[in-house]
$ cat protein_21.cif   # mmCIF, C-alpha atoms
data_entry
loop_
_atom_site.label_atom_id
_atom_site.label_comp_id
_atom_site.auth_asym_id
_atom_site.auth_seq_id
_atom_site.Cartn_x
_atom_site.Cartn_y
_atom_site.Cartn_z
CA MET A 24 57.35 -64.09 20.86
CA LYS A 25 57.39 -62.10 17.65
CA PRO A 26 55.35 -63.67 14.86
CA LYS A 27 57.34 -64.82 11.86
CA GLN A 28 56.73 -62.27 9.15
CA ARG A 29 57.76 -64.30 6.12
CA LEU A 30 59.69 -67.32 4.99
CA ILE A 31 63.43 -67.05 4.53
CA GLN A 32 64.25 -66.57 0.86
CA LYS A 33 66.73 -69.10 -0.46
CA PRO A 34 69.19 -68.43 -3.28
CA ASP A 35 67.40 -68.82 -6.60
CA LEU A 36 70.16 -69.53 -9.09
CA PRO A 37 69.72 -69.92 -12.85
CA GLU A 38 69.70 -73.54 -14.03
CA GLU A 39 72.72 -73.04 -16.26
CA LEU A 40 75.73 -71.17 -14.98
CA LEU A 41 79.03 -70.72 -16.78
CA ILE A 42 81.80 -72.72 -15.11
CA ARG A 43 84.73 -70.43 -14.55
CA SER A 44 88.20 -70.49 -13.02
CA LEU A 45 88.82 -68.17 -10.11
CA ASN A 46 92.49 -67.32 -10.40
CA GLU A 47 92.70 -63.80 -9.04
CA LEU A 48 90.56 -61.08 -7.53
CA THR A 49 91.28 -57.37 -7.27
CA ASP A 50 89.59 -54.61 -5.31
CA ASN A 51 86.13 -53.66 -6.60
CA SER A 52 85.84 -56.75 -8.83
CA PHE A 53 82.30 -57.81 -9.72
CA ILE A 54 81.40 -61.38 -10.73
CA GLU A 55 77.98 -62.66 -11.77
CA MET A 56 76.32 -65.69 -13.34
CA ALA A 57 79.15 -68.12 -12.57
CA LYS A 58 79.90 -71.51 -11.06
CA TYR A 59 83.20 -72.34 -9.36
CA ASP A 60 84.05 -75.98 -8.70
CA HIS A 61 87.09 -77.41 -6.88
CA THR A 62 88.93 -74.09 -6.70
CA SER A 63 91.63 -73.83 -4.05
CA SER A 64 93.28 -70.48 -3.45
CA SER A 65 93.47 -67.62 -0.98
CA PHE A 66 92.50 -64.10 -2.03
CA THR A 67 92.68 -60.59 -0.60
CA ALA A 68 90.35 -58.03 -2.17
CA SER A 69 88.03 -55.40 -0.73
CA HIS A 70 84.64 -54.19 -2.01
CA VAL A 71 84.27 -57.18 -4.34
CA GLY A 72 80.78 -58.22 -5.49
CA PHE A 73 79.27 -61.61 -6.32
CA GLU A 74 75.77 -62.10 -7.70
CA ASP A 75 74.11 -65.31 -8.94
CA VAL A 76 77.17 -67.42 -8.10
CA PHE A 77 77.48 -71.07 -7.05
CA PHE A 78 80.60 -72.22 -5.17
CA THR A 79 81.00 -75.98 -4.71
CA ASN A 80 83.97 -77.84 -3.22
CA VAL A 81 85.89 -74.58 -3.11
CA ASN A 82 88.71 -73.88 -0.65
CA MET A 83 89.19 -70.16 0.03
CA SER A 84 90.37 -70.45 3.61
CA GLN A 85 92.21 -67.43 5.07
CA SER A 86 90.98 -65.17 2.28
CA LYS A 87 90.08 -61.56 3.05
CA PHE A 88 86.97 -59.97 1.54
CA PRO A 89 86.24 -56.89 3.67
CA PHE A 90 83.22 -54.78 2.69
CA SER A 91 82.24 -57.25 -0.01
CA SER A 92 78.74 -57.89 -1.39
CA TRP A 93 77.11 -61.31 -1.90
CA THR A 94 73.68 -61.60 -3.52
CA ASN A 95 71.95 -64.83 -4.47
CA VAL A 96 74.98 -66.98 -3.69
CA LEU A 97 75.28 -70.63 -2.65
CA PHE A 98 78.32 -72.15 -0.94
CA ASP A 99 78.14 -75.97 -0.95
CA THR A 100 80.78 -78.11 0.76
CA CYS A 101 83.34 -75.31 0.84
CA ASP A 102 86.25 -74.62 3.17
CA LEU A 103 86.08 -70.96 4.21
CA SER A 104 87.96 -71.34 7.49
CA GLN A 105 89.41 -68.11 8.93
CA LEU A 106 87.99 -66.08 6.06
CA ASP A 107 87.50 -62.38 6.76
CA PHE A 108 84.06 -61.04 5.73
CA GLN A 109 84.19 -57.96 7.96
CA GLY A 110 81.69 -55.31 6.89
CA ALA A 111 80.23 -57.48 4.10
CA ARG A 112 76.62 -57.44 2.89
CA PHE A 113 74.74 -60.71 2.31
CA ARG A 114 71.34 -61.14 0.61
CA ARG A 115 69.84 -64.58 -0.13
CA VAL A 116 73.01 -66.51 0.68
CA GLU A 117 73.29 -70.10 1.86
CA PHE A 118 76.25 -71.88 3.43
CA ARG A 119 75.62 -75.62 3.14
CA ASN A 120 77.92 -78.23 4.67
CA CYS A 121 80.76 -75.72 4.89
CA LYS A 122 83.79 -75.38 7.15
CA LEU A 123 83.60 -71.94 8.74
CA ALA A 124 85.98 -72.21 11.68
CA GLY A 125 87.17 -68.79 12.82
CA VAL A 126 85.33 -66.85 10.10
CA ASN A 127 84.98 -63.14 10.80
CA PHE A 128 81.39 -61.97 10.17
CA SER A 129 81.85 -58.83 12.28
CA GLN A 130 79.86 -55.77 11.20
CA THR A 131 78.15 -57.72 8.42
CA ASP A 132 74.60 -57.02 7.24
CA MET A 133 72.79 -60.30 6.53
CA GLN A 134 69.28 -60.85 5.28
CA ASP A 135 67.85 -64.20 4.16
CA VAL A 136 71.06 -66.03 5.07
CA ARG A 137 71.05 -69.73 5.94
CA PHE A 138 73.75 -71.86 7.57
CA ILE A 139 72.96 -75.56 7.07
CA ALA A 140 75.07 -78.39 8.57
CA CYS A 141 78.14 -76.18 8.95
CA GLU A 142 81.10 -76.53 11.29
CA ALA A 143 81.52 -72.97 12.49
CA PRO A 144 83.41 -72.93 15.78
CA TYR A 145 84.97 -69.67 16.99
CA THR A 146 83.18 -67.53 14.42
CA LEU A 147 82.79 -63.81 15.12
CA PHE A 148 79.46 -62.01 14.70
CA GLY A 149 80.29 -58.83 16.60
CA ASN A 150 78.09 -55.82 15.68
CA ALA A 151 76.50 -57.89 12.90
CA ILE A 152 72.86 -57.85 11.79
CA LEU A 153 71.02 -61.07 10.92
CA ARG A 154 67.48 -60.60 9.65
CA ASP A 155 65.29 -63.52 8.57
CA GLY A 156 68.15 -65.98 8.88
CA GLU A 157 68.61 -69.45 10.28
CA LEU A 158 71.27 -71.83 11.52
CA VAL A 159 70.38 -75.51 11.30
CA ASP A 160 72.45 -78.52 12.46
CA CYS A 161 75.52 -76.35 13.02
CA LEU A 162 78.43 -76.39 15.45
CA LEU A 163 79.08 -72.92 16.90
CA LYS A 164 81.36 -73.82 19.81
CA GLY A 165 83.22 -70.80 21.15
CA SER A 166 81.60 -68.33 18.74
CA GLN A 167 80.92 -64.72 19.73
CA PHE A 168 77.73 -62.73 19.21
CA ILE A 169 78.66 -59.38 20.72
CA ASP A 170 76.18 -56.54 20.30
CA THR A 171 74.59 -58.53 17.47
CA LYS A 172 71.07 -57.82 16.21
CA LEU A 173 69.12 -61.03 15.66
CA ASP A 174 65.86 -60.11 13.95
CA TYR A 175 63.62 -63.13 13.30
CA ALA A 176 66.67 -65.38 13.34
CA GLN A 177 66.17 -69.09 14.02
CA LEU A 178 68.40 -71.68 15.68
CA ASP A 179 67.59 -75.35 15.13
CA ASN A 180 69.74 -78.13 16.59
CA VAL A 181 72.78 -75.90 17.06
CA VAL A 182 75.65 -76.67 19.45
CA LEU A 183 76.21 -73.53 21.54
CA ASP A 184 78.99 -74.66 23.88
CA ASP A 185 80.97 -71.66 25.20
CA VAL A 186 79.13 -69.26 22.86
CA SER A 187 78.97 -65.63 24.04
CA PHE A 188 75.85 -63.49 23.58
CA ASP A 189 77.11 -60.29 25.21
CA PHE A 190 74.73 -57.36 24.63
CA THR A 191 72.72 -59.57 22.22
CA SER A 192 69.03 -60.07 22.92
CA LEU A 193 67.62 -63.57 22.40
CA LYS A 194 64.04 -62.39 22.85
CA GLY A 195 61.64 -64.54 20.84
CA MET A 196 64.28 -67.12 19.88
CA ASP A 197 63.50 -70.80 20.40
CA LEU A 198 66.54 -72.52 21.92
CA ARG A 199 64.85 -75.79 22.88
CA SER A 200 66.55 -77.89 20.19
CA CYS A 201 69.99 -76.40 20.91
CA SER A 202 72.60 -77.95 23.19
CA PHE A 203 75.27 -76.53 25.46
CA THR A 204 77.21 -77.33 28.60
CA ASN A 205 78.33 -73.76 29.17
CA ILE A 206 77.09 -70.54 27.64
CA HIS A 207 77.96 -66.90 28.24
CA LEU A 208 75.07 -64.48 28.68
CA SER A 209 73.17 -62.64 31.36
CA GLU A 210 69.54 -62.79 32.43
CA LYS A 211 68.97 -59.64 30.37
CA GLU A 212 70.11 -61.27 27.12
CA LEU A 213 68.08 -64.43 27.82
CA ARG A 214 64.87 -62.60 28.71
CA GLY A 215 62.04 -63.51 26.31
CA ALA A 216 63.76 -66.59 24.83
CA ILE A 217 62.01 -69.97 24.68
CA ILE A 218 63.88 -72.73 26.54
CA SER A 219 63.24 -76.30 27.66
CA PRO A 220 62.81 -77.38 31.31
CA GLU A 221 66.23 -79.05 31.18
CA GLN A 222 67.82 -75.86 29.89
CA ALA A 223 66.07 -73.88 32.62
CA ILE A 224 67.95 -75.91 35.23
CA SER A 225 71.26 -75.09 33.54
CA PHE A 226 70.43 -71.38 33.50
CA ILE A 227 69.47 -71.46 37.17
CA HIS A 228 72.98 -72.68 37.97
CA LEU A 229 74.52 -70.22 35.49
CA PHE A 230 72.87 -67.27 37.24
CA GLY A 231 73.97 -68.49 40.65
CA VAL A 232 70.51 -69.42 41.91
CA THR A 233 70.23 -72.17 44.52
CA VAL A 234 67.06 -74.26 44.58
CA LYS A 235 66.18 -76.03 47.84
CA GLN A 236 63.21 -78.03 48.91
CA THR A 237 61.13 -76.57 51.69
#
$ encode --input "protein_21.cif" --output "structure tokens"
Amino acid sequence: MKPKQRLIQKPDLPEELLIRSLNELTDNSFIEMAKYDHTSSSFTASHVGFEDVFFTNVNMSQSKFPFSSWTNVLFDTCDLSQLDFQGARFRRVEFRNCKLAGVNFSQTDMQDVRFIACEAPYTLFGNAILRDGELVDCLLKGSQFIDTKLDYAQLDNVVLDDVSFDFTSLKGMDLRSCSFTNIHLSEKELRGAIISPEQAISFIHLFGVTVKQT
């Protein structure tokens, strides 16, 4: 198992942020030092940037933010369902108690990103990079990690039912606290992961191995 190089950096927001109204966004917009509370709207804008921003109780479901940039951002109790983040860049971002069903994180570059107590079924992480990140107490049912690079990523008490890890190495990842009834991966993707004895039995059946007493 790879040694953990450093602790995951959390968003470090200023104590006082200006409360603003988020009414519209255009391509290449840049927003910093702001707090958005109880906003409900859907936006479409590419290459937008957010830095030192706190979103709380915000509903931006079905918005589209391709190739956007998010630095030092906290999402708390937000509904981001079916939001499109394709090609976005995340640095020191935390999603806390958020609804993330069907979110598209494909081709994103994430570092120091945390998902805490989020409902994130059917999310897409295809061709994404997650460095020094963690998912804790999350539901990921039906999500897809296809050709995803997980570099010092951590999973803690995550529901992985019907999750696909095609062409995604789980080497060094500790899955013992995670739960699943069915999972999609090959022996190659699982090689080097840390699993519990109970999970080992499930994987034996998954790989078509029959165990018989002598």
$ closest_atom_pairs --input "protein_21.cif" --of "segment 213-233 of chain A" --to "segment 185-200 of chain A" --cutoff "6 Å" --atoms "all atoms listed in the file" --output "CSV"
residue,atom,partner,partner_atom,distance
A:Leu213,CA,A:Leu193,CA,5.5
A:Arg214,CA,A:Lys194,CA,5.9
A:Gly215,CA,A:Lys194,CA,4.2
A:Ala216,CA,A:Lys194,CA,4.7
A:Ile217,CA,A:Asp197,CA,4.6
A:Ile218,CA,A:Arg199,CA,4.9
A:Ser219,CA,A:Arg199,CA,5.1
$ closest_residue --input "protein_21.cif" --among "A:Arg112, A:Ser166, A:Leu208, A:Phe203" --to "Gln222 of chain A" --atoms "all atoms listed in the file"
A:Phe203
$ residues_around --input "protein_21.cif" --residues "Asn150 of chain A" --least-positions-apart "4" --cutoff "10 Å" --atoms "all atoms listed in the file" --output "ChimeraX atom specification"
/A:110,128-132,168-172,190-191
$ closest_residue --input "protein_21.cif" --among "A:Leu153, A:Leu183, A:Ala223, A:Leu36" --to "Asn205 of chain A" --atoms "all atoms listed in the file"
A:Leu183
$ closest_residue --input "protein_21.cif" --among "A:Asp174, A:Asp160, A:Glu38, A:Glu221" --to "Thr204 of chain A" --atoms "all atoms listed in the file"
A:Glu221
$ closest_residue --input "protein_21.cif" --among "A:Ala68, A:Ala151, A:Val126, A:Ile139" --to "Pro89 of chain A" --atoms "only C-alpha atoms"
A:Ala68
$ residues_near_point --input "protein_21.cif" --point "(85.1, -75.3, -8.7)" --cutoff "9 Å" --atoms "all atoms listed in the file" --output "PyMOL selection string"
chain A and resi 42-45+58-63+77-82
$ atom_distance --input "protein_21.cif" --atom1 "atom CA of Gln134 of chain A" --atom2 "atom CA of Ala176 of chain A"
9.6 Å
$ atom_distance --input "protein_21.cif" --atom1 "atom CA of Met83 of chain A" --atom2 "atom CA of Cys121 of chain A"
11.2 Å
$ atom_distance --input "protein_21.cif" --atom1 "atom CA of Glu142 of chain A" --atom2 "atom CA of Cys101 of chain A"
10.8 Å
$ residues_around --input "protein_21.cif" --residues "Ser86 of chain A" --least-positions-apart "6" --cutoff "12 Å" --atoms "only C-alpha atoms" --output "mmCIF file with C-alpha atoms, in the coordinates of the input"
data_model
loop_
_atom_site.group_PDB
_atom_site.id
_atom_site.type_symbol
_atom_site.label_atom_id
_atom_site.label_comp_id
_atom_site.auth_asym_id
_atom_site.auth_seq_id
_atom_site.Cartn_x
_atom_site.Cartn_y
_atom_site.Cartn_z
ATOM 1 C CA GLU A 47 92.700 -63.800 -9.040
ATOM 2 C CA LEU A 48 90.560 -61.080 -7.530
ATOM 3 C CA SER A 63 91.630 -73.830 -4.050
ATOM 4 C CA SER A 64 93.280 -70.480 -3.450
ATOM 5 C CA SER A 65 93.470 -67.620 -0.980
ATOM 6 C CA PHE A 66 92.500 -64.100 -2.030
ATOM 7 C CA THR A 67 92.680 -60.590 -0.600
ATOM 8 C CA ALA A 68 90.350 -58.030 -2.170
ATOM 9 C CA SER A 69 88.030 -55.400 -0.730
ATOM 10 C CA ASP A 102 86.250 -74.620 3.170
ATOM 11 C CA LEU A 103 86.080 -70.960 4.210
ATOM 12 C CA SER A 104 87.960 -71.340 7.490
ATOM 13 C CA GLN A 105 89.410 -68.110 8.930
ATOM 14 C CA LEU A 106 87.990 -66.080 6.060
ATOM 15 C CA ASP A 107 87.500 -62.380 6.760
ATOM 16 C CA PHE A 108 84.060 -61.040 5.730
ATOM 17 C CA GLN A 109 84.190 -57.960 7.960
ATOM 18 C CA LEU A 123 83.600 -71.940 8.740
ATOM 19 C CA GLY A 125 87.170 -68.790 12.820
ATOM 20 C CA VAL A 126 85.330 -66.850 10.100
ATOM 21 C CA ASN A 127 84.980 -63.140 10.800
#
$ resolve_selection --input "protein_21.cif" --expression "the PyMOL selection byres ((chain A and resi 71) around 7)" --output "JSON, numbers by chain"
{"A": [50, 51, 52, 53, 68, 69, 70, 72, 73, 91, 92]}
$ closest_residue --input "protein_21.cif" --among "A:Glu55, A:Asp135, A:Glu74, A:Asp99" --to "Ile152 of chain A" --atoms "all atoms listed in the file"
A:Asp135
$ closest_residue --input "protein_21.cif" --among "A:Lys33, A:Cys161, A:Leu40, A:Ala143" --to "Thr94 of chain A" --atoms "all atoms listed in the file"
A:Lys33
$ resolve_selection --input "protein_21.cif" --expression "the PyMOL selection byres ((chain A and resi 181) around 7)" --output "JSON list (two decimals) with C-alpha atoms, in the coordinates of the input"
[["chain", "number", "residue", "atom", "x", "y", "z"],
["A", 159, "VAL", "CA", 70.38, -75.51, 11.30],
["A", 160, "ASP", "CA", 72.45, -78.52, 12.46],
["A", 161, "CYS", "CA", 75.52, -76.35, 13.02],
["A", 162, "LEU", "CA", 78.43, -76.39, 15.45],
["A", 163, "LEU", "CA", 79.08, -72.92, 16.90],
["A", 178, "LEU", "CA", 68.40, -71.68, 15.68],
["A", 179, "ASP", "CA", 67.59, -75.35, 15.13],
["A", 180, "ASN", "CA", 69.74, -78.13, 16.59],
["A", 182, "VAL", "CA", 75.65, -76.67, 19.45],
["A", 183, "LEU", "CA", 76.21, -73.53, 21.54],
["A", 201, "CYS", "CA", 69.99, -76.40, 20.91],
["A", 202, "SER", "CA", 72.60, -77.95, 23.19]]
$ residues_near_point --input "protein_21.cif" --point "(68.5, -71.5, 6.3)" --cutoff "6 Å" --atoms "all atoms listed in the file" --output "short mmCIF file (atom, residue, chain, number, x, y, z; two decimals) with C-alpha atoms, keeping the file's coordinate frame"
data_model
loop_
_atom_site.label_atom_id
_atom_site.label_comp_id
_atom_site.auth_asym_id
_atom_site.auth_seq_id
_atom_site.Cartn_x
_atom_site.Cartn_y
_atom_site.Cartn_z
CA ARG A 137 71.05 -69.73 5.94
CA PHE A 138 73.75 -71.86 7.57
CA GLU A 157 68.61 -69.45 10.28
CA LEU A 158 71.27 -71.83 11.52
#
